[in-house]
>>> print(open('data.txt').read())   # compact mmCIF, C-alpha atoms
# COMPACT_ATOMS: atom_id res chain seq x y z
CA MET A 1 13.00 23.36 10.43
CA THR A 2 11.38 25.90 12.72
CA ARG A 3 12.81 28.80 14.71
CA SER A 4 13.33 26.46 17.61
CA GLY A 5 15.29 24.00 15.45
CA PHE A 6 14.56 20.52 14.23
CA SER A 7 12.22 18.07 15.80
CA TYR A 8 11.90 14.39 15.12
CA TRP A 9 10.04 11.31 16.20
CA ALA A 10 11.62 7.96 16.80
CA ALA A 11 10.39 4.45 17.41
CA TYR A 12 12.21 1.55 18.95
CA ILE A 13 11.26 -1.71 17.31
CA PRO A 14 12.79 -4.80 18.88
CA PRO A 15 14.86 -6.60 16.24
CA THR A 16 13.16 -9.86 17.20
CA HIS A 17 9.82 -8.39 16.07
CA VAL A 18 11.25 -7.67 12.61
CA GLN A 19 12.81 -11.12 12.47
CA ALA A 20 9.50 -12.74 13.38
CA VAL A 21 7.83 -11.09 10.39
CA LEU A 22 10.70 -12.17 8.15
CA GLU A 23 10.57 -15.77 9.40
CA GLY A 24 13.68 -15.58 11.58
CA VAL A 25 16.21 -14.54 8.95
CA GLU A 26 18.92 -12.04 9.84
CA LEU A 27 17.92 -8.42 9.89
CA PRO A 28 17.97 -6.60 6.54
CA PHE A 29 21.00 -4.39 5.96
CA ILE A 30 20.35 -0.91 4.63
CA ALA A 31 23.52 0.68 3.32
CA ASN A 32 24.60 3.79 5.22
CA GLY A 33 21.54 3.41 7.46
CA VAL A 34 19.68 5.89 5.23
CA SER A 35 17.19 5.33 2.45
CA THR A 36 15.17 7.47 0.08
CA ASP A 37 12.93 4.57 -0.90
CA PRO A 38 9.30 5.81 -0.85
CA SER A 39 7.92 2.50 0.45
CA LEU A 40 10.36 2.40 3.35
CA ILE A 41 9.75 6.06 4.18
CA ALA A 42 5.97 5.51 4.14
CA ALA A 43 6.28 2.39 6.32
CA ALA A 44 8.55 4.19 8.81
CA CYS A 45 6.19 7.18 8.96
CA THR A 46 3.23 4.90 9.58
CA MET A 47 5.10 3.17 12.39
CA VAL A 48 6.18 6.41 14.04
CA ILE A 49 3.12 8.61 13.45
CA ASP A 50 0.16 6.22 13.39
CA CYS A 51 1.36 4.08 16.28
CA ALA A 52 2.53 6.90 18.57
CA GLY A 53 0.51 6.86 21.74
CA VAL A 54 -2.09 4.52 20.25
CA GLU A 55 -3.06 1.54 22.35
CA ASP A 56 -3.99 -0.59 19.36
CA PRO A 57 -1.86 -3.74 19.04
CA GLY A 58 -3.38 -4.39 15.61
CA ALA A 59 -2.07 -1.06 14.31
CA TYR A 60 1.42 -1.95 15.55
CA GLU A 61 1.33 -5.43 13.99
CA ASP A 62 0.17 -3.97 10.67
CA ALA A 63 2.82 -1.23 10.67
CA LEU A 64 5.49 -3.73 11.74
CA TYR A 65 4.69 -6.03 8.82
CA ASP A 66 4.88 -3.16 6.32
CA LEU A 67 8.14 -1.86 7.80
CA ALA A 68 9.84 -5.28 7.84
CA GLN A 69 8.82 -5.99 4.24
CA ALA A 70 9.98 -2.54 3.07
CA MET A 71 13.32 -2.99 4.86
CA ASN A 72 13.71 -6.39 3.22
CA ASP A 73 12.94 -4.94 -0.22
CA VAL A 74 15.41 -2.06 0.20
CA ALA A 75 18.07 -4.53 1.33
CA GLY A 76 17.54 -6.33 -1.99
CA ARG A 77 16.27 -9.58 -0.55
CA GLU A 78 13.73 -11.51 -2.50
CA ALA A 79 10.70 -12.72 -0.63
CA LYS A 80 10.11 -16.45 -0.51
CA VAL A 81 7.49 -17.46 -3.03
CA ARG A 82 4.73 -19.63 -1.60
CA ILE A 83 1.25 -20.60 -2.56
CA ALA A 84 -1.20 -18.66 -0.40
CA ASN A 85 -3.29 -20.70 2.02
CA ARG A 86 -6.77 -19.78 0.82
CA THR A 87 -8.55 -21.83 3.49
CA ALA A 88 -6.69 -20.07 6.31
CA VAL A 89 -7.40 -16.65 4.78
CA MET A 90 -11.12 -17.40 4.40
CA ARG A 91 -11.30 -18.58 8.03
CA ALA A 92 -9.59 -15.38 9.15
CA GLN A 93 -11.89 -13.25 6.99
CA ASP A 94 -14.98 -14.97 8.39
CA TYR A 95 -13.70 -14.41 11.93
CA LEU A 96 -13.04 -10.72 11.24
CA GLU A 97 -16.62 -10.32 10.01
CA THR A 98 -17.84 -11.49 13.43
CA ALA A 99 -15.27 -9.44 15.38
CA VAL A 100 -15.88 -5.97 13.92
CA VAL A 101 -16.84 -4.35 17.22
CA VAL A 102 -14.61 -6.33 19.60
CA GLY A 103 -11.59 -6.42 17.28
CA ALA A 104 -9.00 -9.09 16.63
CA ARG A 105 -5.26 -9.41 16.72
CA LEU A 106 -3.06 -11.56 14.54
CA GLU A 107 -2.75 -13.90 17.53
CA ASP A 108 -6.52 -14.51 17.38
CA LEU A 109 -6.42 -15.05 13.62
CA GLU A 110 -3.52 -17.47 14.02
CA GLN A 111 -5.63 -19.60 16.36
CA VAL A 112 -8.73 -19.46 14.16
CA SER A 113 -6.92 -20.19 10.90
CA GLY A 114 -4.29 -22.64 12.11
CA CYS A 115 -1.68 -20.66 10.17
CA ASP A 116 1.33 -18.69 11.46
CA ARG A 117 0.29 -15.05 11.98
CA TRP A 118 2.91 -13.55 9.66
CA GLN A 119 2.34 -16.10 6.91
CA LEU A 120 -1.40 -15.49 7.28
CA SER A 121 -0.77 -11.75 6.99
CA ARG A 122 1.20 -12.31 3.75
CA ASP A 123 -1.47 -14.64 2.36
CA PHE A 124 -4.32 -12.30 3.36
CA ARG A 125 -2.64 -9.45 1.49
CA THR A 126 -1.97 -11.66 -1.51
CA LEU A 127 -5.54 -12.94 -1.81
CA LEU A 128 -7.58 -9.97 -0.56
CA GLY A 129 -5.31 -7.03 -1.41
CA THR A 130 -5.19 -5.65 2.12
CA SER A 131 -3.96 -6.59 5.55
CA PRO A 132 -6.21 -8.20 8.18
CA TYR A 133 -5.99 -5.02 10.27
CA ARG A 134 -7.03 -2.71 7.43
CA TYR A 135 -9.79 -5.12 6.46
CA LEU A 136 -11.16 -4.92 9.99
CA GLN A 137 -10.84 -1.12 10.04
CA HIS A 138 -12.81 -0.86 6.79
CA ARG A 139 -15.55 -3.10 8.22
CA ARG A 140 -15.66 -0.79 11.26
CA VAL A 141 -15.95 2.28 9.04
CA ASP A 142 -18.77 0.59 7.09
CA LEU A 143 -20.59 -0.15 10.35
CA ALA A 144 -20.10 3.43 11.58
CA LYS A 145 -21.50 4.77 8.29
CA ARG A 146 -24.56 2.59 8.71
CA LEU A 147 -25.03 3.77 12.29
CA MET A 148 -24.73 7.42 11.23
CA ARG A 149 -27.25 6.87 8.43
CA GLU A 150 -29.61 5.52 11.08
CA GLY A 151 -29.17 8.73 13.10
CA ALA A 152 -26.40 7.87 15.58
CA THR A 153 -24.21 10.70 16.84
CA LEU A 154 -20.53 10.61 15.89
CA ALA A 155 -19.60 9.48 19.40
CA ASP A 156 -22.23 6.72 19.37
CA ALA A 157 -21.20 5.60 15.88
CA ALA A 158 -17.54 5.48 16.94
CA HIS A 159 -18.33 3.47 20.06
CA GLY A 160 -20.86 1.23 18.29
CA ALA A 161 -18.32 0.35 15.59
CA GLY A 162 -15.62 -0.61 18.08
CA PHE A 163 -13.31 2.40 17.95
CA ALA A 164 -11.39 3.21 21.13
CA ASP A 165 -12.29 6.89 20.94
CA GLN A 166 -13.59 9.54 18.58
CA SER A 167 -10.15 10.73 17.48
CA HIS A 168 -9.15 7.18 16.46
CA PHE A 169 -12.47 6.91 14.64
CA GLY A 170 -11.90 10.22 12.84
CA ARG A 171 -8.36 9.32 11.72
CA THR A 172 -9.39 5.88 10.50
CA PHE A 173 -12.51 7.19 8.77
CA ARG A 174 -10.53 9.89 6.96
CA LYS A 175 -7.91 7.37 5.82
CA ALA A 176 -10.59 5.03 4.48
CA VAL A 177 -13.05 7.53 2.98
CA GLY A 178 -10.96 10.63 2.30
CA LEU A 179 -13.28 12.77 4.42
CA THR A 180 -13.83 13.27 8.12
CA PRO A 181 -17.07 11.79 9.48
CA LYS A 182 -18.60 15.31 9.68
CA GLU A 183 -17.56 16.09 6.10
CA TRP A 184 -19.02 12.77 4.96
CA LEU A 185 -22.32 13.51 6.69
CA ARG A 186 -22.52 16.86 4.86
CA SER A 187 -21.40 15.42 1.52
CA ASP A 188 -23.38 14.34 -1.48
CA LEU A 189 -22.15 10.79 -0.82
CA PHE A 190 -24.19 10.63 2.36
CA ARG A 191 -27.24 12.32 0.86
CA THR A 192 -27.19 10.15 -2.28
CA ILE A 193 -27.07 6.94 -0.29
CA VAL A 194 -29.70 8.03 2.20
CA LEU A 195 -32.20 9.10 -0.48
>>> encode(input="data.txt", output="structure tokens")
Amino acid sequence: MTRSGFSYWAAYIPPTHVQAVLEGVELPFIANGVSTDPSLIAAACTMVIDCAGVEDPGAYEDALYDLAQAMNDVAGREAKVRIANRTAVMRAQDYLETAVVVGARLEDLEQVSGCDRWQLSRDFRTLLGTSPYRYLQHRRVDLAKRLMREGATLADAAHGAGFADQSHFGRTFRKAVGLTPKEWLRSDLFRTIVL
């Protein structure tokens, strides 16, 4: 609380979006409409903070998946157990490797893999330990690092790696590496690799 009172952020997520992630089942019920579950809080914060004002459909899809799964867990529903479709995941991964700069949405991966986007997202996480969106963001950060090692400016590295702008690049880089791009350039990590 500040002198001017409380402030808060809110997000409206269409219930049909949550149901799509959860394969059409009824919406999860969270008793009293309040939860102290750390996973649900983290997923809600990601949805509200990371997606606010960002024109990145992939970020929304990723945050939506995490939020729907966390809501389902808090509601005490067990996820359906399925065998992951390795072939579909490998097709999606190969596609993401070629789409680092231009990007890809779950809709694109659905077409490439022949697998429903939300099932593919579950399978991708199961087999590769991360979501398709985060996988793509890490490939972009790797490309930006390479460009900076080759002497590119931060703006050129951000643009060359497919980031919408430098602030999006900085936020994503810090999430992935733990340092801002400038801090990374000044760090021993950069110098060690370059030498």
>>> atom_distance(input="data.txt", atom1="CA of Leu147 (chain A)", atom2="CA of Ala161 (chain A)")
8.2 Å
>>> closest_residue(input="data.txt", among="A:Tyr135, A:Ala88, A:Ala43, A:Gly24", to="Tyr60 (chain A)", atoms="only C-alpha atoms")
A:Ala43
>>> atom_distance(input="data.txt", atom1="CA of Arg77 (chain A)", atom2="CA of Ile30 (chain A)")
10.9 Å
>>> residues_near_point(input="data.txt", point="(-18.4, 0.0, 8.1)", cutoff="12 Å", atoms="all atoms listed in the file", output="JSON, numbers by chain")
{"A": [97, 100, 101, 134, 135, 136, 137, 138, 139, 140, 141, 142, 143, 144, 145, 146, 147, 148, 149, 157, 158, 160, 161, 162, 163, 169, 172, 173, 176, 177, 181]}
>>> residues_around(input="data.txt", residues="Gly114 (chain A)", least_positions_apart="2", cutoff="12 Å", atoms="all atoms listed in the file", output="list of chain:residue names")
A:Asn85, A:Arg86, A:Thr87, A:Ala88, A:Val89, A:Met90, A:Arg91, A:Ala92, A:Leu106, A:Glu107, A:Asp108, A:Leu109, A:Glu110, A:Gln111, A:Val112, A:Asp116, A:Arg117, A:Trp118, A:Gln119, A:Leu120
>>> residues_around(input="data.txt", residues="Ala79 (chain A)", least_positions_apart="2", cutoff="9 Å", atoms="only C-alpha atoms", output="mmCIF file with C-alpha atoms, in the coordinates of the input")
data_model
loop_
_atom_site.group_PDB
_atom_site.id
_atom_site.type_symbol
_atom_site.label_atom_id
_atom_site.label_comp_id
_atom_site.auth_asym_id
_atom_site.auth_seq_id
_atom_site.Cartn_x
_atom_site.Cartn_y
_atom_site.Cartn_z
ATOM 1 C CA LEU A 22 10.700 -12.170 8.150
ATOM 2 C CA GLN A 69 8.820 -5.990 4.240
ATOM 3 C CA ASN A 72 13.710 -6.390 3.220
ATOM 4 C CA ASP A 73 12.940 -4.940 -0.220
ATOM 5 C CA ARG A 77 16.270 -9.580 -0.550
ATOM 6 C CA VAL A 81 7.490 -17.460 -3.030
#
>>> closest_residue(input="data.txt", among="A:Ala42, A:Ala59, A:Ile83, A:Val74", to="His168 (chain A)", atoms="only C-alpha atoms")
A:Ala59
>>> axis_aligned_box(input="data.txt", around="region 88-107 of chain A", padding_each_side="5 Å", output="JSON")
{"center_x": -10.3, "center_y": -12.2, "center_z": 12.0, "size_x": 25.1, "size_y": 25.7, "size_z": 25.2}
>>> atom_distance(input="data.txt", atom1="CA of Ala44 (chain A)", atom2="CA of Ala70 (chain A)")
9.0 Å
>>> closest_residue(input="data.txt", among="A:Gly33, A:Asp50, A:Arg125, A:Val21", to="Lys175 (chain A)", atoms="all atoms listed in the file")
A:Asp50
>>> residues_around(input="data.txt", residues="Gln19 (chain A)", least_positions_apart="5", cutoff="12 Å", atoms="all atoms listed in the file", output="PDB file with C-alpha atoms, in the frame of the given file")
ATOM      1  CA  ILE A  13      11.260  -1.710  17.310  1.00  0.00           C
ATOM      2  CA  PRO A  14      12.790  -4.800  18.880  1.00  0.00           C
ATOM      3  CA  GLY A  24      13.680 -15.580  11.580  1.00  0.00           C
ATOM      4  CA  VAL A  25      16.210 -14.540   8.950  1.00  0.00           C
ATOM      5  CA  GLU A  26      18.920 -12.040   9.840  1.00  0.00           C
ATOM      6  CA  LEU A  27      17.920  -8.420   9.890  1.00  0.00           C
ATOM      7  CA  PRO A  28      17.970  -6.600   6.540  1.00  0.00           C
ATOM      8  CA  LEU A  64       5.490  -3.730  11.740  1.00  0.00           C
ATOM      9  CA  TYR A  65       4.690  -6.030   8.820  1.00  0.00           C
ATOM     10  CA  LEU A  67       8.140  -1.860   7.800  1.00  0.00           C
ATOM     11  CA  ALA A  68       9.840  -5.280   7.840  1.00  0.00           C
ATOM     12  CA  GLN A  69       8.820  -5.990   4.240  1.00  0.00           C
ATOM     13  CA  MET A  71      13.320  -2.990   4.860  1.00  0.00           C
ATOM     14  CA  ASN A  72      13.710  -6.390   3.220  1.00  0.00           C
ATOM     15  CA  TRP A 118       2.910 -13.550   9.660  1.00  0.00           C
TER      16      TRP A 118
END
>>> closest_residue(input="data.txt", among="A:Phe29, A:Gly151, A:Pro15, A:Cys51", to="Arg171 (chain A)", atoms="all atoms listed in the file")
A:Cys51
>>> closest_residue(input="data.txt", among="A:Asn32, A:Glu55, A:Met47, A:Ala75", to="Asp165 (chain A)", atoms="all atoms listed in the file")
A:Glu55
>>> closest_residue(input="data.txt", among="A:Val18, A:Ala84, A:Val34, A:Ala52", to="Asp66 (chain A)", atoms="only C-alpha atoms")
A:Val18
>>> decode(input="data.txt", residues="region 8-25 of chain A", atoms="N, CA, C and O atoms", output="mmCIF file, in the first residue's frame")
data_model
loop_
_atom_site.group_PDB
_atom_site.id
_atom_site.type_symbol
_atom_site.label_atom_id
_atom_site.label_comp_id
_atom_site.auth_asym_id
_atom_site.auth_seq_id
_atom_site.Cartn_x
_atom_site.Cartn_y
_atom_site.Cartn_z
ATOM 1 N N TYR A 8 -3.864 -2.181 -8.272
ATOM 2 C CA TYR A 8 -3.894 -3.571 -8.696
ATOM 3 C C TYR A 8 -3.979 -3.645 -10.207
ATOM 4 O O TYR A 8 -4.345 -2.679 -10.858
ATOM 5 N N TRP A 9 -3.620 -4.793 -10.719
ATOM 6 C CA TRP A 9 -3.741 -5.076 -12.140
ATOM 7 C C TRP A 9 -4.741 -6.212 -12.281
ATOM 8 O O TRP A 9 -4.853 -7.067 -11.407
ATOM 9 N N ALA A 10 -5.430 -6.220 -13.372
ATOM 10 C CA ALA A 10 -6.399 -7.276 -13.626
ATOM 11 C C ALA A 10 -6.291 -7.706 -15.079
ATOM 12 O O ALA A 10 -5.816 -6.956 -15.929
ATOM 13 N N ALA A 11 -6.703 -8.918 -15.331
ATOM 14 C CA ALA A 11 -6.724 -9.433 -16.698
ATOM 15 C C ALA A 11 -8.059 -10.143 -16.890
ATOM 16 O O ALA A 11 -8.535 -10.836 -16.003
ATOM 17 N N TYR A 12 -8.638 -9.940 -18.038
ATOM 18 C CA TYR A 12 -9.841 -10.690 -18.384
ATOM 19 C C TYR A 12 -9.422 -11.801 -19.331
ATOM 20 O O TYR A 12 -8.882 -11.548 -20.398
ATOM 21 N N ILE A 13 -9.665 -13.011 -18.930
ATOM 22 C CA ILE A 13 -9.361 -14.169 -19.764
ATOM 23 C C ILE A 13 -10.687 -14.834 -20.097
ATOM 24 O O ILE A 13 -11.415 -15.278 -19.198
ATOM 25 N N PRO A 14 -11.035 -14.875 -21.366
ATOM 26 C CA PRO A 14 -12.302 -15.520 -21.726
ATOM 27 C C PRO A 14 -12.337 -16.969 -21.221
ATOM 28 O O PRO A 14 -11.380 -17.723 -21.416
ATOM 29 N N PRO A 15 -13.405 -17.349 -20.553
ATOM 30 C CA PRO A 15 -13.511 -18.721 -20.044
ATOM 31 C C PRO A 15 -13.291 -19.779 -21.131
ATOM 32 O O PRO A 15 -12.733 -20.849 -20.859
ATOM 33 N N THR A 16 -13.691 -19.469 -22.349
ATOM 34 C CA THR A 16 -13.501 -20.443 -23.430
ATOM 35 C C THR A 16 -12.022 -20.695 -23.712
ATOM 36 O O THR A 16 -11.663 -21.792 -24.143
ATOM 37 N N HIS A 17 -11.169 -19.713 -23.453
ATOM 38 C CA HIS A 17 -9.727 -19.917 -23.638
ATOM 39 C C HIS A 17 -9.205 -20.929 -22.621
ATOM 40 O O HIS A 17 -8.413 -21.813 -22.960
ATOM 41 N N VAL A 18 -9.656 -20.792 -21.364
ATOM 42 C CA VAL A 18 -9.231 -21.734 -20.318
ATOM 43 C C VAL A 18 -9.760 -23.123 -20.650
ATOM 44 O O VAL A 18 -9.036 -24.121 -20.547
ATOM 45 N N GLN A 19 -11.009 -23.196 -21.074
ATOM 46 C CA GLN A 19 -11.592 -24.496 -21.415
ATOM 47 C C GLN A 19 -10.867 -25.152 -22.584
ATOM 48 O O GLN A 19 -10.722 -26.373 -22.615
ATOM 49 N N ALA A 20 -10.412 -24.365 -23.537
ATOM 50 C CA ALA A 20 -9.682 -24.940 -24.671
ATOM 51 C C ALA A 20 -8.408 -25.624 -24.194
ATOM 52 O O ALA A 20 -8.076 -26.720 -24.642
ATOM 53 N N VAL A 21 -7.701 -24.986 -23.281
ATOM 54 C CA VAL A 21 -6.474 -25.588 -22.737
ATOM 55 C C VAL A 21 -6.806 -26.877 -21.995
ATOM 56 O O VAL A 21 -6.080 -27.862 -22.094
ATOM 57 N N LEU A 22 -7.914 -26.874 -21.277
ATOM 58 C CA LEU A 22 -8.295 -28.025 -20.461
ATOM 59 C C LEU A 22 -9.186 -29.015 -21.214
ATOM 60 O O LEU A 22 -9.888 -29.810 -20.607
ATOM 61 N N GLU A 23 -9.144 -28.944 -22.530
ATOM 62 C CA GLU A 23 -9.856 -29.887 -23.399
ATOM 63 C C GLU A 23 -11.369 -29.846 -23.234
ATOM 64 O O GLU A 23 -12.048 -30.871 -23.288
ATOM 65 N N GLY A 24 -11.915 -28.645 -23.012
ATOM 66 C CA GLY A 24 -13.355 -28.467 -23.006
ATOM 67 C C GLY A 24 -14.072 -28.817 -21.725
ATOM 68 O O GLY A 24 -15.298 -28.715 -21.663
ATOM 69 N N VAL A 25 -13.373 -29.228 -20.687
ATOM 70 C CA VAL A 25 -14.057 -29.558 -19.431
ATOM 71 C C VAL A 25 -14.549 -28.276 -18.773
ATOM 72 O O VAL A 25 -14.115 -27.174 -19.111
#
